[in-house]
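Only one structure is covered here, and it is reproduced in the block below.
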Amino acid sequence: MTDHVHDLRSLREATDRLLTAAAKLDNAALAEESLLPGWTRGHVLAHLARNADALVNVVEGRPMYASAATRDADIARDSGRPLVEQLEDLRNSASRYEAATELPQDWSRTVELRNGVTDSVARIPFRRLVEVELHHVDLGIGYGLADLPDEFTAREIEFLADRWSGRREVPPVTLVLGSGGPGRTWNVSGGDGAPVTVSGTGAELLGWLAGRGDLGAHLTVDGGSLPALPPL
């Protein structure tokens, strides 16, 4: 069962880690390329700030973004700001989201995110945690997939395994944590093609599922070749 109180606490900790790490940058480093193609580090921080405000919209019953074009334009507009402005915006937008979650509400209700995706409002704190943790990695400033908390890594692997399930272009996959014997497993069900078993560390499995890192170069695959996953 989702524990939104636990997830909100984890989110505060992750946000503090991100702010502390980003504060060590300077304006020149902010303008350099991130690990996301086409985005500078400034784009990543701007996206995180605008995502927090978008989730306030979701919690309060408004559309997440006015439109896809508006979302992209806002990120582009805010990407070139000095570090001090980026940090202030990221801190303030995180506070606005936290304040919205402190209001009395029905945590079991269903809300709509982007592109028609729906979820319970209780799962939104974890979705925000995913944004903060993975985009901290995307900054390319020394926080890697292997540095993510083990609990987060396992939950995000489970989330992504469910996300890829039922996609025809993704064959059935058994994900095994660790390659030295029986370990924790997750299943990507359905899809076309022969079943395969993919084994590796949590960081390696998550990197492949999330389209990050070396994209599965160090994973062990039994029963075929490593499937190509669609973009997230």
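Starting from 1 in every chain, residues are counted up; chains themselves are A, B, ... following the order of the structure tokens, and ligands are numbered from 1 as listed.
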
Within 12 Å of region 71-94 of chain A, which residues of region 100-146 of chain A come that close, and what is the closest atom pair and distance in Å for each? Count only C-alpha atoms and give it as a Markdown table.
```
| residue | atom | partner | partner_atom | distance |
| --- | --- | --- | --- | --- |
| A:Ala100 | CA | A:Ala94 | CA | 10.0 |
| A:Thr101 | CA | A:Ala94 | CA | 10.9 |
| A:Arg114 | CA | A:Arg71 | CA | 10.5 |
| A:Pro125 | CA | A:Ala94 | CA | 11.4 |
| A:Arg128 | CA | A:Ala94 | CA | 9.9 |
| A:Leu129 | CA | A:Ala94 | CA | 11.1 |
| A:Glu131 | CA | A:Ala94 | CA | 11.9 |
| A:Val132 | CA | A:Ala94 | CA | 10.2 |
```

Since we have the selection now, will you write its residues out, keeping C-alpha atoms, as an mmCIF file, in the first residue's frame?
```cif
data_model
loop_
_atom_site.group_PDB
_atom_site.id
_atom_site.type_symbol
_atom_site.label_atom_id
_atom_site.label_comp_id
_atom_site.auth_asym_id
_atom_site.auth_seq_id
_atom_site.Cartn_x
_atom_site.Cartn_y
_atom_site.Cartn_z
ATOM 1 C CA ALA A 100 -0.558 21.831 -1.006
ATOM 2 C CA THR A 101 -0.112 18.314 0.384
ATOM 3 C CA ARG A 114 -0.123 14.592 -18.466
ATOM 4 C CA PRO A 125 4.487 12.204 -3.844
ATOM 5 C CA ARG A 128 7.561 13.687 -7.582
ATOM 6 C CA LEU A 129 10.300 11.777 -5.761
ATOM 7 C CA GLU A 131 11.476 13.379 -10.763
ATOM 8 C CA VAL A 132 13.815 14.727 -8.075
#
```

Could you give me, as CSV, a per-residue list for region 93-202 of chain A showing, wherever an atom lies at most 12 Å from an atom of region 53-62 of chain A, the closest pair of atoms and their distance in Å to one decimal, using only C-alpha atoms and sorting by chain then residue number from low to high?
```
residue,atom,partner,partner_atom,distance
A:Ser93,CA,A:Asp53,CA,6.0
A:Ala94,CA,A:Asp53,CA,7.9
A:Ser95,CA,A:Asp53,CA,9.7
A:Arg96,CA,A:Asp53,CA,7.2
A:Tyr97,CA,A:Val56,CA,5.3
A:Glu98,CA,A:Val56,CA,8.6
A:Ala99,CA,A:Val56,CA,8.9
A:Ala100,CA,A:Val56,CA,6.2
A:Thr101,CA,A:Val59,CA,7.4
A:Glu102,CA,A:Val59,CA,10.6
A:Leu103,CA,A:Val59,CA,9.8
A:Pro104,CA,A:Val59,CA,11.1
A:Gln105,CA,A:Val59,CA,9.0
A:Asp106,CA,A:Val59,CA,10.2
A:Trp107,CA,A:Val59,CA,9.6
A:Ser108,CA,A:Val59,CA,11.8
A:Arg109,CA,A:Val59,CA,10.0
A:Thr110,CA,A:Val59,CA,9.9
A:Val111,CA,A:Val58,CA,6.6
A:Glu112,CA,A:Val58,CA,6.8
A:Leu113,CA,A:Val58,CA,6.8
A:Arg114,CA,A:Val58,CA,9.7
A:Val117,CA,A:Val58,CA,11.6
A:Thr118,CA,A:Val58,CA,10.4
A:Asp119,CA,A:Val58,CA,10.5
A:Ser120,CA,A:Val59,CA,10.2
A:Val121,CA,A:Val59,CA,6.9
A:Ala122,CA,A:Val59,CA,9.8
A:Arg123,CA,A:Val59,CA,11.1
A:Ile124,CA,A:Leu55,CA,7.8
A:Pro125,CA,A:Leu55,CA,9.1
A:Phe126,CA,A:Leu55,CA,11.6
A:Arg127,CA,A:Leu55,CA,9.6
A:Arg128,CA,A:Leu55,CA,8.0
A:Leu129,CA,A:Leu55,CA,11.7
A:Glu131,CA,A:Leu55,CA,11.3
```

Write the selection just made, keeping N, CA and C atoms, as a JSON list (two decimals), in the first residue's frame?
```
[["chain", "number", "residue", "atom", "x", "y", "z"],
["A", 93, "SER", "N", 9.25, 26.47, -5.10],
["A", 93, "SER", "CA", 8.24, 25.62, -5.74],
["A", 93, "SER", "C", 8.06, 24.32, -4.96],
["A", 94, "ALA", "N", 9.16, 23.79, -4.40],
["A", 94, "ALA", "CA", 9.05, 22.59, -3.56],
["A", 94, "ALA", "C", 8.22, 22.89, -2.32],
["A", 95, "SER", "N", 8.39, 24.07, -1.77],
["A", 95, "SER", "CA", 7.61, 24.47, -0.59],
["A", 95, "SER", "C", 6.13, 24.62, -0.94],
["A", 96, "ARG", "N", 5.85, 25.15, -2.12],
["A", 96, "ARG", "CA", 4.44, 25.29, -2.54],
["A", 96, "ARG", "C", 3.79, 23.92, -2.69],
["A", 97, "TYR", "N", 4.52, 22.96, -3.26],
["A", 97, "TYR", "CA", 3.95, 21.63, -3.39],
["A", 97, "TYR", "C", 3.73, 21.00, -2.01],
["A", 98, "GLU", "N", 4.71, 21.14, -1.13],
["A", 98, "GLU", "CA", 4.55, 20.57, 0.21],
["A", 98, "GLU", "C", 3.36, 21.20, 0.93],
["A", 99, "ALA", "N", 3.18, 22.50, 0.79],
["A", 99, "ALA", "CA", 2.04, 23.17, 1.42],
["A", 99, "ALA", "C", 0.72, 22.63, 0.89],
["A", 100, "ALA", "N", 0.67, 22.36, -0.41],
["A", 100, "ALA", "CA", -0.56, 21.83, -1.01],
["A", 100, "ALA", "C", -0.88, 20.45, -0.45],
["A", 101, "THR", "N", 0.14, 19.66, -0.15],
["A", 101, "THR", "CA", -0.11, 18.31, 0.38],
["A", 101, "THR", "C", -0.53, 18.34, 1.85],
["A", 102, "GLU", "N", -0.31, 19.45, 2.53],
["A", 102, "GLU", "CA", -0.67, 19.54, 3.95],
["A", 102, "GLU", "C", -2.12, 19.92, 4.17],
["A", 103, "LEU", "N", -2.83, 20.29, 3.12],
["A", 103, "LEU", "CA", -4.25, 20.62, 3.24],
["A", 103, "LEU", "C", -5.08, 19.35, 3.38],
["A", 104, "PRO", "N", -6.15, 19.37, 4.15],
["A", 104, "PRO", "CA", -7.02, 18.19, 4.28],
["A", 104, "PRO", "C", -7.56, 17.79, 2.90],
["A", 105, "GLN", "N", -7.50, 16.51, 2.60],
["A", 105, "GLN", "CA", -7.96, 16.04, 1.30],
["A", 105, "GLN", "C", -8.19, 14.54, 1.33],
["A", 106, "ASP", "N", -8.87, 14.06, 0.31],
["A", 106, "ASP", "CA", -9.11, 12.63, 0.13],
["A", 106, "ASP", "C", -7.94, 12.04, -0.66],
["A", 107, "TRP", "N", -7.05, 11.35, 0.02],
["A", 107, "TRP", "CA", -5.85, 10.82, -0.61],
["A", 107, "TRP", "C", -6.14, 9.63, -1.52],
["A", 108, "SER", "N", -7.36, 9.11, -1.48],
["A", 108, "SER", "CA", -7.70, 7.97, -2.34],
["A", 108, "SER", "C", -8.27, 8.40, -3.69],
["A", 109, "ARG", "N", -8.53, 9.69, -3.86],
["A", 109, "ARG", "CA", -9.18, 10.12, -5.09],
["A", 109, "ARG", "C", -8.23, 10.01, -6.28],
["A", 110, "THR", "N", -8.82, 9.91, -7.45],
["A", 110, "THR", "CA", -8.06, 9.80, -8.70],
["A", 110, "THR", "C", -7.87, 11.18, -9.31],
["A", 111, "VAL", "N", -6.65, 11.43, -9.78],
["A", 111, "VAL", "CA", -6.32, 12.70, -10.42],
["A", 111, "VAL", "C", -5.71, 12.42, -11.79],
["A", 112, "GLU", "N", -5.72, 13.45, -12.62],
["A", 112, "GLU", "CA", -5.18, 13.30, -13.98],
["A", 112, "GLU", "C", -3.88, 14.07, -14.10],
["A", 113, "LEU", "N", -2.89, 13.41, -14.74],
["A", 113, "LEU", "CA", -1.60, 14.04, -14.99],
["A", 113, "LEU", "C", -1.50, 14.39, -16.47],
["A", 114, "ARG", "N", -0.31, 14.28, -17.04],
["A", 114, "ARG", "CA", -0.12, 14.59, -18.47],
["A", 114, "ARG", "C", -0.64, 13.47, -19.35],
["A", 117, "VAL", "N", -2.89, 10.41, -18.38],
["A", 117, "VAL", "CA", -2.51, 9.45, -17.35],
["A", 117, "VAL", "C", -3.24, 9.80, -16.05],
["A", 118, "THR", "N", -3.78, 8.79, -15.39],
["A", 118, "THR", "CA", -4.46, 9.00, -14.11],
["A", 118, "THR", "C", -3.77, 8.18, -13.03],
["A", 119, "ASP", "N", -3.93, 8.63, -11.80],
["A", 119, "ASP", "CA", -3.36, 7.92, -10.66],
["A", 119, "ASP", "C", -4.07, 8.42, -9.40],
["A", 120, "SER", "N", -3.89, 7.70, -8.30],
["A", 120, "SER", "CA", -4.43, 8.19, -7.04],
["A", 120, "SER", "C", -3.55, 9.32, -6.54],
["A", 121, "VAL", "N", -4.14, 10.28, -5.85],
["A", 121, "VAL", "CA", -3.36, 11.41, -5.36],
["A", 121, "VAL", "C", -2.32, 10.96, -4.34],
["A", 122, "ALA", "N", -2.54, 9.81, -3.69],
["A", 122, "ALA", "CA", -1.58, 9.30, -2.72],
["A", 122, "ALA", "C", -0.27, 8.86, -3.38],
["A", 123, "ARG", "N", -0.30, 8.58, -4.68],
["A", 123, "ARG", "CA", 0.91, 8.14, -5.37],
["A", 123, "ARG", "C", 1.69, 9.31, -5.98],
["A", 124, "ILE", "N", 1.13, 10.50, -5.94],
["A", 124, "ILE", "CA", 1.81, 11.65, -6.54],
["A", 124, "ILE", "C", 3.11, 12.00, -5.81],
["A", 125, "PRO", "N", 3.20, 11.93, -4.48],
["A", 125, "PRO", "CA", 4.49, 12.20, -3.84],
["A", 125, "PRO", "C", 5.61, 11.30, -4.34],
["A", 126, "PHE", "N", 5.31, 10.02, -4.61],
["A", 126, "PHE", "CA", 6.36, 9.15, -5.14],
["A", 126, "PHE", "C", 6.72, 9.55, -6.57],
["A", 127, "ARG", "N", 5.73, 9.92, -7.36],
["A", 127, "ARG", "CA", 6.04, 10.39, -8.71],
["A", 127, "ARG", "C", 6.94, 11.62, -8.66],
["A", 128, "ARG", "N", 6.69, 12.52, -7.73],
["A", 128, "ARG", "CA", 7.56, 13.69, -7.58],
["A", 128, "ARG", "C", 8.94, 13.26, -7.11],
["A", 129, "LEU", "N", 9.02, 12.30, -6.22],
["A", 129, "LEU", "CA", 10.30, 11.78, -5.76],
["A", 129, "LEU", "C", 11.10, 11.22, -6.93],
["A", 131, "GLU", "N", 10.96, 12.22, -10.02],
["A", 131, "GLU", "CA", 11.48, 13.38, -10.76],
["A", 131, "GLU", "C", 12.74, 13.94, -10.10]]
```

A:Ala52, A:Gly42, A:Leu134, A:Val196 ranked by distance to Pro172 (chain A), top pick (using only C-alpha atoms):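 Selected residue with least distance to Pro172 (chain A): A:Val196.
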
Using DSSP assignments from the backbone, pull out every residue in region 116-223 of chain A that falls under strand (DSSP E or B) and give it to me as number ranges by chain. A: 118-120, 173-177, 185-188, 196-200, 220-222

Can you write just those residues out, all heavy atoms, as a CSV table (one decimal), in the first residue's frame?
```
chain,number,residue,atom,x,y,z
A,118,THR,N,-3.8,8.8,-15.4
A,118,THR,CA,-4.5,9.0,-14.1
A,118,THR,C,-3.8,8.2,-13.0
A,118,THR,O,-3.1,7.2,-13.3
A,118,THR,CB,-5.9,8.6,-14.2
A,118,THR,OG1,-6.0,7.2,-14.6
A,118,THR,CG2,-6.7,9.5,-15.2
A,119,ASP,N,-3.9,8.6,-11.8
A,119,ASP,CA,-3.4,7.9,-10.7
A,119,ASP,C,-4.1,8.4,-9.4
A,119,ASP,O,-4.8,9.4,-9.4
A,119,ASP,CB,-1.9,8.2,-10.6
A,119,ASP,CG,-1.1,7.0,-9.9
A,119,ASP,OD1,-1.8,6.2,-9.2
A,119,ASP,OD2,0.1,7.0,-10.0
A,120,SER,N,-3.9,7.7,-8.3
A,120,SER,CA,-4.4,8.2,-7.0
A,120,SER,C,-3.5,9.3,-6.5
A,120,SER,O,-2.3,9.3,-6.8
A,120,SER,CB,-4.5,7.1,-6.0
A,120,SER,OG,-3.2,6.7,-5.6
A,173,VAL,N,9.7,-10.2,-19.7
A,173,VAL,CA,11.0,-10.1,-19.1
A,173,VAL,C,10.9,-10.4,-17.6
A,173,VAL,O,10.0,-9.9,-16.9
A,173,VAL,CB,11.6,-8.7,-19.3
A,173,VAL,CG1,13.0,-8.6,-18.6
A,173,VAL,CG2,11.7,-8.3,-20.7
A,174,THR,N,11.8,-11.2,-17.1
A,174,THR,CA,11.9,-11.4,-15.7
A,174,THR,C,13.2,-10.7,-15.2
A,174,THR,O,14.3,-10.9,-15.8
A,174,THR,CB,12.1,-12.9,-15.3
A,174,THR,OG1,10.9,-13.6,-15.7
A,174,THR,CG2,12.3,-13.1,-13.8
A,175,LEU,N,13.0,-9.7,-14.3
A,175,LEU,CA,14.1,-8.9,-13.9
A,175,LEU,C,14.6,-9.5,-12.5
A,175,LEU,O,13.8,-9.7,-11.6
A,175,LEU,CB,13.7,-7.5,-13.6
A,175,LEU,CG,13.1,-6.7,-14.8
A,175,LEU,CD1,12.3,-5.5,-14.4
A,175,LEU,CD2,14.2,-6.3,-15.8
A,176,VAL,N,15.9,-9.8,-12.5
A,176,VAL,CA,16.5,-10.4,-11.3
A,176,VAL,C,17.5,-9.5,-10.7
A,176,VAL,O,18.5,-9.1,-11.4
A,176,VAL,CB,17.1,-11.8,-11.6
A,176,VAL,CG1,17.7,-12.4,-10.3
A,176,VAL,CG2,16.1,-12.7,-12.2
A,177,LEU,N,17.3,-9.1,-9.4
A,177,LEU,CA,18.3,-8.3,-8.7
A,177,LEU,C,19.5,-9.1,-8.3
A,177,LEU,O,19.3,-10.0,-7.4
A,177,LEU,CB,17.6,-7.6,-7.5
A,177,LEU,CG,18.5,-6.7,-6.7
A,177,LEU,CD1,19.0,-5.5,-7.5
A,177,LEU,CD2,17.8,-6.2,-5.5
A,185,THR,N,12.9,-10.5,-7.6
A,185,THR,CA,12.5,-10.5,-9.0
A,185,THR,C,11.3,-9.6,-9.3
A,185,THR,O,10.5,-9.4,-8.3
A,185,THR,CB,12.2,-11.9,-9.5
A,185,THR,OG1,11.0,-12.4,-8.8
A,185,THR,CG2,13.4,-12.8,-9.4
A,186,TRP,N,11.2,-9.1,-10.5
A,186,TRP,CA,10.0,-8.4,-11.0
A,186,TRP,C,9.7,-8.9,-12.4
A,186,TRP,O,10.6,-9.4,-13.1
A,186,TRP,CB,10.3,-6.9,-11.1
A,186,TRP,CG,10.6,-6.2,-9.8
A,186,TRP,CD1,9.8,-5.6,-8.9
A,186,TRP,CD2,12.0,-6.1,-9.2
A,186,TRP,NE1,10.5,-5.1,-7.8
A,186,TRP,CE2,11.8,-5.3,-8.0
A,186,TRP,CE3,13.2,-6.4,-9.6
A,186,TRP,CZ2,12.9,-5.0,-7.2
A,186,TRP,CZ3,14.3,-6.2,-8.9
A,186,TRP,CH2,14.2,-5.4,-7.7
A,187,ASN,N,8.5,-8.8,-12.8
A,187,ASN,CA,8.1,-9.3,-14.1
A,187,ASN,C,7.5,-8.2,-15.0
A,187,ASN,O,6.6,-7.4,-14.6
A,187,ASN,CB,7.1,-10.4,-14.0
A,187,ASN,CG,7.7,-11.6,-13.3
A,187,ASN,OD1,8.7,-12.2,-13.8
A,187,ASN,ND2,7.1,-12.1,-12.2
A,188,VAL,N,8.0,-8.1,-16.2
A,188,VAL,CA,7.3,-7.4,-17.3
A,188,VAL,C,6.5,-8.3,-18.1
A,188,VAL,O,7.1,-9.2,-18.8
A,188,VAL,CB,8.4,-6.7,-18.2
A,188,VAL,CG1,7.7,-5.9,-19.3
A,188,VAL,CG2,9.3,-5.8,-17.4
A,196,VAL,N,12.7,-13.5,-21.7
A,196,VAL,CA,14.1,-13.4,-21.4
A,196,VAL,C,14.2,-13.1,-19.9
A,196,VAL,O,13.3,-12.5,-19.3
A,196,VAL,CB,14.9,-12.3,-22.2
A,196,VAL,CG1,14.9,-12.7,-23.7
A,196,VAL,CG2,14.3,-10.9,-22.0
A,197,THR,N,15.4,-13.4,-19.3
A,197,THR,CA,15.7,-13.0,-17.9
A,197,THR,C,16.8,-12.1,-17.9
A,197,THR,O,17.9,-12.3,-18.6
A,197,THR,CB,16.0,-14.3,-17.1
A,197,THR,OG1,14.9,-15.2,-17.1
A,197,THR,CG2,16.4,-13.9,-15.7
A,198,VAL,N,16.7,-10.9,-17.3
A,198,VAL,CA,17.7,-9.9,-17.2
A,198,VAL,C,18.1,-9.7,-15.8
A,198,VAL,O,17.3,-9.5,-14.9
A,198,VAL,CB,17.1,-8.6,-17.8
A,198,VAL,CG1,18.2,-7.5,-17.7
A,198,VAL,CG2,16.7,-8.7,-19.2
A,199,SER,N,19.4,-9.9,-15.5
A,199,SER,CA,19.9,-9.8,-14.2
A,199,SER,C,21.0,-8.7,-14.0
A,199,SER,O,21.7,-8.5,-15.0
A,199,SER,CB,20.6,-11.2,-13.8
A,199,SER,OG,19.7,-12.2,-13.9
A,200,GLY,N,21.0,-8.1,-12.8
A,200,GLY,CA,22.1,-7.1,-12.6
A,200,GLY,C,21.8,-6.4,-11.3
A,200,GLY,O,20.9,-6.8,-10.5
A,220,THR,N,23.2,-9.1,-17.4
A,220,THR,CA,23.3,-10.4,-17.9
A,220,THR,C,21.9,-10.8,-18.4
A,220,THR,O,20.9,-10.7,-17.7
A,220,THR,CB,23.7,-11.4,-16.7
A,220,THR,OG1,24.9,-11.0,-16.2
A,220,THR,CG2,23.7,-12.8,-17.2
A,221,VAL,N,21.9,-11.3,-19.6
A,221,VAL,CA,20.6,-11.7,-20.3
A,221,VAL,C,20.6,-13.2,-20.6
A,221,VAL,O,21.6,-13.7,-21.3
A,221,VAL,CB,20.4,-10.8,-21.6
A,221,VAL,CG1,19.0,-11.1,-22.2
A,221,VAL,CG2,20.6,-9.4,-21.3
A,222,ASP,N,19.6,-13.9,-20.2
A,222,ASP,CA,19.4,-15.3,-20.5
A,222,ASP,C,18.1,-15.5,-21.4
A,222,ASP,O,17.1,-14.9,-21.0
A,222,ASP,CB,19.3,-16.1,-19.3
A,222,ASP,CG,20.6,-16.1,-18.4
A,222,ASP,OD1,21.7,-16.2,-19.0
A,222,ASP,OD2,20.5,-16.0,-17.2
```
